[in-house]
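Reproduced below: start16.pdb, with PDB, C-alpha atoms, pLDDT in the B column.
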```
ATOM      1  CA  MET W   1       3.972 -12.897 -13.011  1.00 45.00           C
ATOM      2  CA  ASP W   2       7.541 -13.531 -14.236  1.00 47.00           C
ATOM      3  CA  ILE W   3       7.694 -15.979 -17.105  1.00 49.00           C
ATOM      4  CA  ASP W   4      10.535 -17.925 -15.465  1.00 50.00           C
ATOM      5  CA  LYS W   5       8.370 -18.558 -12.406  1.00 74.00           C
ATOM      6  CA  LEU W   6       5.577 -20.218 -14.335  1.00 81.00           C
ATOM      7  CA  GLN W   7       4.484 -23.720 -13.415  1.00 87.00           C
ATOM      8  CA  LEU W   8       2.916 -25.381 -16.459  1.00 93.00           C
ATOM      9  CA  LEU W   9       1.484 -28.759 -17.401  1.00 95.00           C
ATOM     10  CA  LEU W  10       1.672 -30.239 -20.884  1.00 96.00           C
ATOM     11  CA  VAL W  11      -0.804 -33.057 -21.599  1.00 96.00           C
ATOM     12  CA  GLU W  12       0.378 -34.576 -24.881  1.00 95.00           C
ATOM     13  CA  ASP W  13       0.680 -38.188 -26.062  1.00 94.00           C
ATOM     14  CA  ASP W  14       3.142 -37.388 -28.868  1.00 93.00           C
ATOM     15  CA  ILE W  15       6.363 -37.980 -26.935  1.00 95.00           C
ATOM     16  CA  ASP W  16       8.610 -36.366 -29.558  1.00 94.00           C
ATOM     17  CA  LEU W  17       6.529 -33.177 -29.533  1.00 94.00           C
ATOM     18  CA  ALA W  18       6.268 -33.193 -25.736  1.00 95.00           C
ATOM     19  CA  THR W  19      10.043 -33.558 -25.410  1.00 95.00           C
ATOM     20  CA  ALA W  20      10.642 -30.687 -27.835  1.00 94.00           C
ATOM     21  CA  VAL W  21       8.221 -28.393 -25.976  1.00 94.00           C
ATOM     22  CA  ILE W  22       9.613 -29.231 -22.539  1.00 94.00           C
ATOM     23  CA  ASP W  23      13.218 -28.793 -23.744  1.00 93.00           C
ATOM     24  CA  TYR W  24      12.298 -25.390 -25.155  1.00 92.00           C
ATOM     25  CA  PHE W  25      10.636 -24.383 -21.897  1.00 91.00           C
ATOM     26  CA  GLU W  26      13.752 -25.469 -19.979  1.00 90.00           C
ATOM     27  CA  LEU W  27      15.857 -23.176 -22.148  1.00 89.00           C
ATOM     28  CA  GLU W  28      13.456 -20.389 -21.151  1.00 85.00           C
ATOM     29  CA  LYS W  29      13.761 -21.486 -17.486  1.00 85.00           C
ATOM     30  CA  ILE W  30      10.082 -22.467 -17.342  1.00 88.00           C
ATOM     31  CA  GLN W  31       9.016 -25.455 -15.234  1.00 90.00           C
ATOM     32  CA  CYS W  32       6.692 -27.815 -17.104  1.00 93.00           C
ATOM     33  CA  ASP W  33       5.271 -31.158 -15.964  1.00 95.00           C
ATOM     34  CA  HIS W  34       4.122 -33.710 -18.519  1.00 96.00           C
ATOM     35  CA  ALA W  35       1.295 -36.237 -18.760  1.00 95.00           C
ATOM     36  CA  ALA W  36       1.023 -38.649 -21.710  1.00 95.00           C
ATOM     37  CA  ASN W  37      -2.724 -39.295 -21.409  1.00 96.00           C
ATOM     38  CA  GLY W  38      -5.856 -37.405 -20.438  1.00 94.00           C
ATOM     39  CA  LEU W  39      -6.541 -39.270 -17.207  1.00 95.00           C
ATOM     40  CA  SER W  40      -3.038 -38.649 -15.841  1.00 95.00           C
ATOM     41  CA  GLY W  41      -3.303 -35.023 -16.869  1.00 95.00           C
ATOM     42  CA  PHE W  42      -6.667 -34.649 -15.159  1.00 95.00           C
ATOM     43  CA  ASN W  43      -5.306 -36.121 -11.920  1.00 94.00           C
ATOM     44  CA  LEU W  44      -2.230 -33.876 -11.989  1.00 94.00           C
ATOM     45  CA  ILE W  45      -4.363 -30.770 -12.488  1.00 92.00           C
ATOM     46  CA  LYS W  46      -6.618 -31.746  -9.601  1.00 89.00           C
ATOM     47  CA  SER W  47      -3.721 -32.329  -7.212  1.00 88.00           C
ATOM     48  CA  ASN W  48      -1.300 -29.527  -8.165  1.00 88.00           C
ATOM     49  CA  HIS W  49      -1.285 -25.793  -8.816  1.00 84.00           C
ATOM     50  CA  TYR W  50      -0.511 -24.795 -12.407  1.00 88.00           C
ATOM     51  CA  ASP W  51      -0.462 -21.328 -13.903  1.00 86.00           C
ATOM     52  CA  ALA W  52      -1.638 -22.738 -17.230  1.00 90.00           C
ATOM     53  CA  VAL W  53      -2.253 -26.081 -18.957  1.00 94.00           C
ATOM     54  CA  ILE W  54      -1.416 -27.019 -22.545  1.00 95.00           C
ATOM     55  CA  LEU W  55      -3.914 -29.726 -23.420  1.00 93.00           C
ATOM     56  CA  ASP W  56      -3.928 -31.876 -26.561  1.00 92.00           C
ATOM     57  CA  LEU W  57      -7.345 -32.590 -28.060  1.00 89.00           C
ATOM     58  CA  ASN W  58      -6.870 -36.253 -28.980  1.00 88.00           C
ATOM     59  CA  LEU W  59      -5.592 -38.165 -25.957  1.00 92.00           C
ATOM     60  CA  PRO W  60      -5.789 -41.774 -24.774  1.00 94.00           C
ATOM     61  CA  LYS W  61      -7.837 -42.756 -21.698  1.00 94.00           C
ATOM     62  CA  MET W  62      -9.627 -39.370 -21.568  1.00 94.00           C
ATOM     63  CA  ASP W  63      -9.779 -36.993 -24.539  1.00 91.00           C
ATOM     64  CA  GLY W  64      -8.958 -33.320 -24.163  1.00 88.00           C
ATOM     65  CA  LEU W  65     -12.541 -32.118 -24.494  1.00 90.00           C
ATOM     66  CA  THR W  66     -13.660 -34.442 -21.691  1.00 92.00           C
ATOM     67  CA  VAL W  67     -10.762 -33.362 -19.480  1.00 92.00           C
ATOM     68  CA  CYS W  68     -11.583 -29.710 -20.051  1.00 89.00           C
ATOM     69  CA  ASP W  69     -15.335 -30.093 -19.594  1.00 88.00           C
ATOM     70  CA  THR W  70     -14.945 -32.137 -16.391  1.00 90.00           C
ATOM     71  CA  LEU W  71     -12.493 -29.667 -14.879  1.00 88.00           C
ATOM     72  CA  ARG W  72     -14.782 -26.733 -15.563  1.00 84.00           C
ATOM     73  CA  ALA W  73     -17.800 -28.560 -14.116  1.00 82.00           C
ATOM     74  CA  GLU W  74     -15.804 -29.106 -10.909  1.00 81.00           C
ATOM     75  CA  GLY W  75     -14.839 -25.444 -10.646  1.00 76.00           C
ATOM     76  CA  VAL W  76     -11.204 -25.723 -11.736  1.00 81.00           C
ATOM     77  CA  ASP W  77     -10.307 -22.363 -13.256  1.00 79.00           C
ATOM     78  CA  VAL W  78      -6.759 -22.939 -14.473  1.00 85.00           C
ATOM     79  CA  PRO W  79      -6.293 -21.363 -17.935  1.00 88.00           C
ATOM     80  CA  ILE W  80      -6.268 -24.027 -20.672  1.00 90.00           C
ATOM     81  CA  LEU W  81      -4.707 -23.766 -24.113  1.00 91.00           C
ATOM     82  CA  MET W  82      -6.075 -26.468 -26.413  1.00 89.00           C
ATOM     83  CA  LEU W  83      -3.405 -27.969 -28.669  1.00 87.00           C
ATOM     84  CA  THR W  84      -4.603 -29.828 -31.738  1.00 82.00           C
ATOM     85  CA  ALA W  85      -3.947 -30.781 -35.337  1.00 79.00           C
ATOM     86  CA  LYS W  86      -7.502 -29.803 -36.244  1.00 70.00           C
ATOM     87  CA  ASP W  87      -8.058 -26.345 -37.723  1.00 67.00           C
ATOM     88  CA  THR W  88     -11.769 -26.206 -38.490  1.00 68.00           C
ATOM     89  CA  LEU W  89     -14.080 -23.609 -36.991  1.00 70.00           C
ATOM     90  CA  ASP W  90     -16.373 -26.317 -35.577  1.00 73.00           C
ATOM     91  CA  ASP W  91     -13.483 -27.927 -33.709  1.00 72.00           C
ATOM     92  CA  LYS W  92     -12.464 -24.585 -32.216  1.00 73.00           C
ATOM     93  CA  LEU W  93     -16.011 -23.709 -31.201  1.00 76.00           C
ATOM     94  CA  GLN W  94     -16.398 -27.111 -29.576  1.00 76.00           C
ATOM     95  CA  GLY W  95     -13.177 -26.599 -27.629  1.00 76.00           C
ATOM     96  CA  PHE W  96     -14.266 -23.175 -26.392  1.00 80.00           C
ATOM     97  CA  ALA W  97     -17.692 -24.564 -25.483  1.00 80.00           C
ATOM     98  CA  LYS W  98     -16.031 -27.190 -23.288  1.00 79.00           C
ATOM     99  CA  GLY W  99     -14.022 -24.550 -21.433  1.00 81.00           C
ATOM    100  CA  ALA W 100     -10.802 -23.922 -23.363  1.00 84.00           C
ATOM    101  CA  ASP W 101      -9.413 -20.389 -23.150  1.00 85.00           C
ATOM    102  CA  ASP W 102      -7.232 -20.449 -26.244  1.00 86.00           C
ATOM    103  CA  TYR W 103      -6.470 -22.644 -29.238  1.00 86.00           C
ATOM    104  CA  LEU W 104      -3.194 -23.403 -31.023  1.00 87.00           C
ATOM    105  CA  VAL W 105      -3.007 -25.557 -34.147  1.00 87.00           C
ATOM    106  CA  LYS W 106      -0.126 -27.941 -34.889  1.00 87.00           C
ATOM    107  CA  PRO W 107       2.429 -27.306 -36.245  1.00 87.00           C
ATOM    108  CA  PHE W 108       3.137 -24.134 -34.300  1.00 89.00           C
ATOM    109  CA  ALA W 109       6.050 -21.848 -33.489  1.00 91.00           C
ATOM    110  CA  MET W 110       7.455 -22.207 -29.990  1.00 92.00           C
ATOM    111  CA  GLU W 111       7.647 -18.426 -29.714  1.00 90.00           C
ATOM    112  CA  GLU W 112       3.883 -18.167 -30.287  1.00 91.00           C
ATOM    113  CA  LEU W 113       3.226 -20.825 -27.650  1.00 90.00           C
ATOM    114  CA  ILE W 114       5.268 -18.821 -25.130  1.00 89.00           C
ATOM    115  CA  VAL W 115       3.398 -15.594 -25.912  1.00 87.00           C
ATOM    116  CA  ARG W 116      -0.011 -17.236 -25.571  1.00 88.00           C
ATOM    117  CA  ILE W 117       0.947 -18.936 -22.310  1.00 88.00           C
ATOM    118  CA  LYS W 118       2.228 -15.649 -20.866  1.00 82.00           C
ATOM    119  CA  VAL W 119      -1.125 -14.003 -21.587  1.00 80.00           C
ATOM    120  CA  LEU W 120      -3.193 -16.890 -20.200  1.00 80.00           C
ATOM    121  CA  SER W 121      -1.143 -17.272 -17.034  1.00 79.00           C
ATOM    122  CA  ARG W 122      -1.916 -13.722 -15.871  1.00 71.00           C
ATOM    123  CA  ARG W 123      -5.515 -14.581 -15.025  1.00 66.00           C
ATOM    124  CA  ARG W 124      -7.837 -17.332 -13.976  1.00 62.00           C
ATOM    125  CA  SER W 125     -10.086 -18.827 -16.573  1.00 57.00           C
ATOM    126  CA  ALA W 126     -13.520 -17.284 -16.985  1.00 57.00           C
ATOM    127  CA  GLN W 127     -14.679 -20.615 -18.439  1.00 59.00           C
ATOM    128  CA  ALA W 128     -15.054 -22.353 -15.103  1.00 61.00           C
ATOM    129  CA  LYS W 129     -18.648 -22.984 -14.116  1.00 68.00           C
ATOM    130  CA  LYS W 130     -17.604 -22.438 -10.518  1.00 76.00           C
ATOM    131  CA  LEU W 131     -14.925 -20.251  -8.969  1.00 82.00           C
ATOM    132  CA  ILE W 132     -13.592 -21.534  -5.653  1.00 82.00           C
ATOM    133  CA  ILE W 133     -11.126 -19.826  -3.333  1.00 85.00           C
ATOM    134  CA  GLY W 134     -10.809 -21.297   0.121  1.00 79.00           C
ATOM    135  CA  GLY W 135     -14.343 -21.704   1.458  1.00 87.00           C
ATOM    136  CA  LEU W 136     -15.779 -19.153  -0.983  1.00 91.00           C
ATOM    137  CA  SER W 137     -17.594 -20.545  -4.020  1.00 89.00           C
ATOM    138  CA  LEU W 138     -19.216 -18.670  -6.911  1.00 87.00           C
ATOM    139  CA  ASP W 139     -21.489 -20.684  -9.210  1.00 83.00           C
ATOM    140  CA  ASN W 140     -21.835 -18.862 -12.539  1.00 77.00           C
ATOM    141  CA  GLU W 141     -24.602 -21.067 -13.901  1.00 74.00           C
ATOM    142  CA  GLN W 142     -26.910 -20.823 -10.899  1.00 81.00           C
ATOM    143  CA  GLN W 143     -25.728 -17.351  -9.809  1.00 85.00           C
ATOM    144  CA  ILE W 144     -25.150 -18.616  -6.284  1.00 89.00           C
ATOM    145  CA  VAL W 145     -22.368 -17.610  -3.877  1.00 92.00           C
ATOM    146  CA  THR W 146     -21.565 -19.570  -0.730  1.00 93.00           C
ATOM    147  CA  ARG W 147     -18.937 -19.355   1.963  1.00 92.00           C
ATOM    148  CA  ASP W 148     -18.345 -22.445   4.051  1.00 89.00           C
ATOM    149  CA  GLU W 149     -21.545 -23.828   2.469  1.00 85.00           C
ATOM    150  CA  HIS W 150     -23.640 -20.895   3.725  1.00 90.00           C
ATOM    151  CA  ARG W 151     -25.397 -19.054   0.903  1.00 91.00           C
ATOM    152  CA  LEU W 152     -24.647 -15.339   0.644  1.00 92.00           C
ATOM    153  CA  LYS W 153     -27.160 -12.747  -0.495  1.00 91.00           C
ATOM    154  CA  LEU W 154     -25.584 -10.480  -3.096  1.00 89.00           C
ATOM    155  CA  SER W 155     -26.953  -7.880  -5.482  1.00 87.00           C
ATOM    156  CA  PRO W 156     -26.202  -8.408  -9.194  1.00 86.00           C
ATOM    157  CA  ILE W 157     -23.540  -5.675  -9.023  1.00 89.00           C
ATOM    158  CA  SER W 158     -21.893  -7.201  -5.960  1.00 90.00           C
ATOM    159  CA  PHE W 159     -21.948 -10.599  -7.694  1.00 90.00           C
ATOM    160  CA  LYS W 160     -20.123  -9.121 -10.706  1.00 89.00           C
ATOM    161  CA  ILE W 161     -17.567  -7.378  -8.494  1.00 92.00           C
ATOM    162  CA  LEU W 162     -16.892 -10.612  -6.639  1.00 92.00           C
ATOM    163  CA  GLU W 163     -16.569 -12.547  -9.893  1.00 89.00           C
ATOM    164  CA  THR W 164     -14.034 -10.010 -11.201  1.00 89.00           C
ATOM    165  CA  LEU W 165     -11.972 -10.207  -8.008  1.00 91.00           C
ATOM    166  CA  MET W 166     -12.071 -14.022  -7.952  1.00 88.00           C
ATOM    167  CA  LEU W 167     -10.998 -14.277 -11.585  1.00 83.00           C
ATOM    168  CA  ALA W 168      -7.998 -12.043 -10.887  1.00 83.00           C
ATOM    169  CA  SER W 169      -7.067 -13.652  -7.542  1.00 84.00           C
ATOM    170  CA  PRO W 170      -4.473 -13.662  -6.095  1.00 83.00           C
ATOM    171  CA  ASN W 171      -3.584 -10.634  -8.210  1.00 85.00           C
ATOM    172  CA  PRO W 172      -5.084  -7.226  -7.358  1.00 89.00           C
ATOM    173  CA  VAL W 173      -7.583  -5.295  -9.484  1.00 89.00           C
ATOM    174  CA  ASN W 174      -7.312  -1.520  -9.712  1.00 90.00           C
ATOM    175  CA  ARG W 175     -10.397   0.640  -9.314  1.00 89.00           C
ATOM    176  CA  GLU W 176     -10.551   1.681 -12.953  1.00 88.00           C
ATOM    177  CA  LYS W 177     -10.443  -1.884 -14.237  1.00 87.00           C
ATOM    178  CA  LEU W 178     -13.029  -2.998 -11.674  1.00 89.00           C
ATOM    179  CA  ILE W 179     -15.415  -0.209 -12.680  1.00 88.00           C
ATOM    180  CA  GLN W 180     -14.917  -1.028 -16.364  1.00 85.00           C
ATOM    181  CA  SER W 181     -15.560  -4.750 -15.765  1.00 83.00           C
ATOM    182  CA  VAL W 182     -18.743  -4.139 -13.787  1.00 84.00           C
ATOM    183  CA  TRP W 183     -20.331  -1.048 -15.336  1.00 84.00           C
ATOM    184  CA  GLY W 184     -18.701  -0.906 -18.766  1.00 78.00           C
ATOM    185  CA  GLU W 185     -19.144   2.430 -20.499  1.00 72.00           C
ATOM    186  CA  GLU W 186     -21.907   3.523 -18.108  1.00 74.00           C
ATOM    187  CA  GLN W 187     -19.801   5.049 -15.365  1.00 74.00           C
ATOM    188  CA  PRO W 188     -21.405   4.950 -11.887  1.00 76.00           C
ATOM    189  CA  ASP W 189     -21.540   7.889  -9.520  1.00 76.00           C
ATOM    190  CA  SER W 190     -18.523   8.409  -7.288  1.00 71.00           C
ATOM    191  CA  ASN W 191     -19.924   6.523  -4.281  1.00 81.00           C
ATOM    192  CA  SER W 192     -21.339   3.448  -6.049  1.00 87.00           C
ATOM    193  CA  LEU W 193     -18.184   1.316  -5.927  1.00 88.00           C
ATOM    194  CA  LYS W 194     -17.558   2.276  -2.297  1.00 88.00           C
ATOM    195  CA  VAL W 195     -21.095   1.285  -1.270  1.00 89.00           C
ATOM    196  CA  HIS W 196     -21.038  -2.004  -3.193  1.00 91.00           C
ATOM    197  CA  MET W 197     -17.616  -2.921  -1.791  1.00 91.00           C
ATOM    198  CA  PHE W 198     -18.855  -2.254   1.730  1.00 91.00           C
ATOM    199  CA  ASN W 199     -21.866  -4.511   1.203  1.00 91.00           C
ATOM    200  CA  LEU W 200     -19.752  -7.198  -0.480  1.00 93.00           C
ATOM    201  CA  ARG W 201     -17.253  -7.198   2.381  1.00 91.00           C
ATOM    202  CA  LYS W 202     -20.052  -7.460   4.902  1.00 92.00           C
ATOM    203  CA  ALA W 203     -21.515 -10.465   3.074  1.00 93.00           C
ATOM    204  CA  VAL W 204     -18.236 -12.288   2.424  1.00 93.00           C
ATOM    205  CA  ASP W 205     -16.129 -11.452   5.502  1.00 90.00           C
ATOM    206  CA  GLY W 206     -18.824 -10.455   7.990  1.00 88.00           C
ATOM    207  CA  GLN W 207     -18.556  -7.661  10.536  1.00 79.00           C
ATOM    208  CA  GLY W 208     -18.646  -7.148  14.287  1.00 76.00           C
ATOM    209  CA  GLU W 209     -19.211 -10.376  16.175  1.00 75.00           C
ATOM    210  CA  ASN W 210     -19.891 -12.150  12.877  1.00 77.00           C
ATOM    211  CA  LYS W 211     -16.459 -11.442  11.381  1.00 84.00           C
ATOM    212  CA  HIS W 212     -14.965 -14.445   9.632  1.00 85.00           C
ATOM    213  CA  PRO W 213     -11.575 -15.526  11.088  1.00 85.00           C
ATOM    214  CA  ILE W 214     -10.049 -15.466   7.595  1.00 88.00           C
ATOM    215  CA  LYS W 215     -10.407 -12.212   5.694  1.00 90.00           C
ATOM    216  CA  LEU W 216     -10.705 -12.541   1.914  1.00 93.00           C
ATOM    217  CA  ILE W 217     -11.309  -9.028   0.546  1.00 93.00           C
ATOM    218  CA  HIS W 218      -8.506  -6.511   1.058  1.00 93.00           C
ATOM    219  CA  THR W 219      -8.142  -2.850   0.084  1.00 92.00           C
ATOM    220  CA  LEU W 220      -4.891  -1.705  -1.473  1.00 91.00           C
ATOM    221  CA  VAL W 221      -4.785   1.994  -0.611  1.00 90.00           C
ATOM    222  CA  GLY W 222      -4.366   4.166  -3.676  1.00 88.00           C
ATOM    223  CA  TYR W 223      -4.789   1.237  -6.053  1.00 91.00           C
ATOM    224  CA  GLY W 224      -7.777  -1.058  -5.695  1.00 91.00           C
ATOM    225  CA  PHE W 225      -8.713  -4.418  -4.199  1.00 93.00           C
ATOM    226  CA  VAL W 226      -7.540  -8.001  -3.982  1.00 93.00           C
ATOM    227  CA  LEU W 227      -9.267 -11.218  -2.960  1.00 92.00           C
ATOM    228  CA  LYS W 228      -7.052 -13.791  -1.252  1.00 89.00           C
ATOM    229  CA  GLU W 229      -6.913 -15.803   1.941  1.00 82.00           C
ATOM    230  CA  GLU W 230      -5.221 -13.976   4.788  1.00 71.00           C
ATOM    231  CA  GLN W 231      -5.478 -14.230   8.545  1.00 51.00           C
ATOM    232  CA  LYS W 232      -6.869 -11.165  10.294  1.00 46.00           C
TER     233      LYS W 232
END
```
Go ahead and express the file in the form of structure tokens.
Amino acid sequence: MDIDKLQLLLVEDDIDLATAVIDYFELEKIQCDHAANGLSGFNLIKSNHYDAVILDLNLPKMDGLTVCDTLRAEGVDVPILMLTAKDTLDDKLQGFAKGADDYLVKPFAMEELIVRIKVLSRRRSAQAKKLIIGGLSLDNEQQIVTRDEHRLKLSPISFKILETLMLASPNPVNREKLIQSVWGEEQPDSNSLKVHMFNLRKAVDGQGENKHPIKLIHTLVGYGFVLKEEQK
């Protein structure tokens, strides 16, 4: 993703700091919305697409931890960078436990903020308790996958493959990275990925007369796979 195409949200009640950050982003040709309290930020995140969110910890109306925790419980997987004046290990651990992906302590260098945002924006957050794309939902806590509210039967390997593809969506995942994410250092035999992808496709997209009208899993010949909504 090009940095100048990023769509960000800054949730910060310090207006001077927010203005400085937004002005800096504008110089870098980055679009950034702003909310001055947690409740407004929460509502903006729920109603808009953002590549990443910069979220202050101490906010009026709804604090940053509550915003983050509520979003993750509802399956929102936008990457979140927690911005705070607190620099204790307990504060950081609490932020990560509530679903933050990264942590930046005030005062900070704008250049570091840009670098961290670039990294976060390349992927969906793995902190979400649910991953939802179209009618497909993956519940990490209960290990349940549904499509259009119908529960799908998946093997543990197929579940992990699907999770990896959903976290990367709408970006593709090459075969090597997919194998590494699922099997780690224990490399499978040459047909394992092919068999599991066949079974995963059958479960998610159906086959024959049971084919779903919207295909989600696509093969990129010579590269790997991508999960995104696309009409057949």
Practice item. Tell me which of W:Met62, W:Ala36, W:Val78, W:Ser121 sits closest to Asn48 of chain W, counting only C-alpha atoms. Key: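 Smallest distance to Asn48 of chain W is found for W:Val78.
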Review point. Applied to the shown file, which residues does the PyMOL selection byres ((chain W and resi 189-197) around 10) return, written as number ranges by chain?
Key: W: 154-155, 157-159, 161-162, 175, 178-179, 182-183, 186-188, 198-203, 217, 219, 225
Check your understanding: Got a sec: who's within 12 Å of segment 23-26 of chain W, counting all atoms listed in the file, leaving out chain neighbours fewer than 3 positions off, as a list in words?
Key -> Ile3, Asp4, Lys5, Leu6, Gln7, Leu8, Leu9, Leu10, Ile15, Asp16, Leu17, Ala18, Thr19, Ala20, Lys29, Ile30, Gln31, Cys32, Asp33, His34, Ala109, Met110, Glu111, Leu113, Ile114 and Ile117 of chain W
Practice item. Work out how far apart atom CA of Leu89 of chain W and atom CA of Glu112 of chain W are and give it in Å to one decimal. Key: 19.9 Å
Practice item. Quick one: pull the distance between atom CA of Cys68 of chain W and atom CA of Ala100 of chain W, Å, one decimal. Key: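 Interatomic distance, atom CA of Cys68 of chain W to atom CA of Ala100 of chain W: 6.7 Å.
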Name the residues captured by the PyMOL selection byres ((chain W and resi 69) around 10) when it is applied to the shown file; answer as a tab-separated table (two decimals) with C-alpha atoms, in the coordinates of the input.
```
chain	number	residue	atom	x	y	z
W	64	GLY	CA	-8.96	-33.32	-24.16
W	65	LEU	CA	-12.54	-32.12	-24.49
W	66	THR	CA	-13.66	-34.44	-21.69
W	67	VAL	CA	-10.76	-33.36	-19.48
W	68	CYS	CA	-11.58	-29.71	-20.05
W	70	THR	CA	-14.94	-32.14	-16.39
W	71	LEU	CA	-12.49	-29.67	-14.88
W	72	ARG	CA	-14.78	-26.73	-15.56
W	73	ALA	CA	-17.80	-28.56	-14.12
W	74	GLU	CA	-15.80	-29.11	-10.91
W	76	VAL	CA	-11.20	-25.72	-11.74
W	95	GLY	CA	-13.18	-26.60	-27.63
W	96	PHE	CA	-14.27	-23.18	-26.39
W	97	ALA	CA	-17.69	-24.56	-25.48
W	98	LYS	CA	-16.03	-27.19	-23.29
W	99	GLY	CA	-14.02	-24.55	-21.43
W	100	ALA	CA	-10.80	-23.92	-23.36
W	127	GLN	CA	-14.68	-20.62	-18.44
W	128	ALA	CA	-15.05	-22.35	-15.10
W	129	LYS	CA	-18.65	-22.98	-14.12
```
Practice item. Would you list the contacts of Glu176 of chain W as a PyMOL selection string, taking every protein, DNA or RNA residue within 10 Å and counting only C-alpha atoms, but skipping same-chain residues closer than 4 positions in sequence? Key: chain W and resi 180-181+223-224
Point to revise | Atomic distance atom CA of Gly75 of chain W - atom CA of Ile133 of chain W, expressed in Å with one decimal | key: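 Interatomic distance here is 9.9 Å.
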Review point. Restricting the calculation to all atoms listed in the file, which member of W:Leu165, W:Phe108, W:Val204, W:Glu12 is positioned closest to Thr146 of chain W?
Key: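 Between W:Leu165, W:Phe108, W:Val204, W:Glu12, the residue approaching Thr146 of chain W most closely is W:Val204.
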**Study point:** Selection: 8 Å around Val105 of chain W, all atoms listed in the file, excl. self and same-chain fewer than 3 positions, as a list in words
**Key:** Leu83, Thr84, Ala85, Lys86, Asp87 and Phe108 of chain W
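Closest approach to Gly135 of chain W from the set W:Ala52, W:Leu216, W:Val226, W:Ala35 is made by W:Leu216, with distances taken over only C-alpha atoms.
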Padding 6 Å on each side, edges along x, y and z: where is the centre of the box around the listed atoms of segment 8-14 of chain W, and how long are its edges in Å to one decimal? Output it as lines of an AutoDock Vina configuration file.
```
center_x = 1.2
center_y = -31.8
center_z = -22.7
size_x = 15.9
size_y = 24.8
size_z = 24.4
```
Review point. Which is closer to Pro107 of chain W than all the others in W:Val53, W:Ser40, W:Val21, W:Lys177, using all atoms listed in the file?
Key: W:Val21
Point to revise | Test item: residues at most 9 Å from Lys92 of chain W, only C-alpha atoms, excluding those fewer than 6 positions along its chain, as number ranges by chain | key: W: 82, 86, 102-103
**Study point:** Residue nearest Gln94 of chain W - candidates W:Ile80, W:Leu57, W:Leu167, W:Leu120, atoms counted: only C-alpha atoms
**Key:** W:Leu57
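Among the candidate residues W:Asp63, W:Asp101, W:Asp90, W:Asp205, the one lying nearest to Asp77 of chain W is W:Asp101, with distances computed using only C-alpha atoms.
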Please produce segment 42-52 of chain W, completed to N, CA, C and O atoms, as a tab-separated table (two decimals), in the coordinates of the input.
```tsv
chain	number	residue	atom	x	y	z
W	42	PHE	N	-5.56	-35.07	-16.02
W	42	PHE	CA	-6.67	-34.65	-15.16
W	42	PHE	C	-6.28	-34.77	-13.69
W	42	PHE	O	-6.50	-33.85	-12.89
W	43	ASN	N	-5.68	-35.89	-13.32
W	43	ASN	CA	-5.31	-36.12	-11.92
W	43	ASN	C	-4.22	-35.15	-11.46
W	43	ASN	O	-4.24	-34.67	-10.32
W	44	LEU	N	-3.27	-34.85	-12.34
W	44	LEU	CA	-2.23	-33.88	-11.99
W	44	LEU	C	-2.81	-32.49	-11.77
W	44	LEU	O	-2.43	-31.77	-10.84
W	45	ILE	N	-3.73	-32.09	-12.62
W	45	ILE	CA	-4.36	-30.77	-12.49
W	45	ILE	C	-5.14	-30.67	-11.18
W	45	ILE	O	-5.14	-29.63	-10.51
W	46	LYS	N	-5.81	-31.75	-10.82
W	46	LYS	CA	-6.62	-31.75	-9.60
W	46	LYS	C	-5.76	-31.70	-8.33
W	46	LYS	O	-6.20	-31.23	-7.30
W	47	SER	N	-4.54	-32.21	-8.42
W	47	SER	CA	-3.72	-32.33	-7.21
W	47	SER	C	-2.57	-31.32	-7.12
W	47	SER	O	-1.86	-31.29	-6.12
W	48	ASN	N	-2.40	-30.50	-8.16
W	48	ASN	CA	-1.30	-29.53	-8.16
W	48	ASN	C	-1.79	-28.15	-8.62
W	48	ASN	O	-2.85	-28.03	-9.24
W	49	HIS	N	-0.99	-27.14	-8.31
W	49	HIS	CA	-1.28	-25.79	-8.82
W	49	HIS	C	-0.49	-25.56	-10.08
W	49	HIS	O	0.74	-25.71	-10.10
W	50	TYR	N	-1.17	-25.16	-11.16
W	50	TYR	CA	-0.51	-24.80	-12.41
W	50	TYR	C	-1.00	-23.41	-12.82
W	50	TYR	O	-2.16	-23.07	-12.65
W	51	ASP	N	-0.09	-22.65	-13.40
W	51	ASP	CA	-0.46	-21.33	-13.90
W	51	ASP	C	-1.19	-21.42	-15.23
W	51	ASP	O	-1.97	-20.54	-15.58
W	52	ALA	N	-0.95	-22.50	-15.97
W	52	ALA	CA	-1.64	-22.74	-17.23
W	52	ALA	C	-1.42	-24.19	-17.64
W	52	ALA	O	-0.44	-24.83	-17.22
```
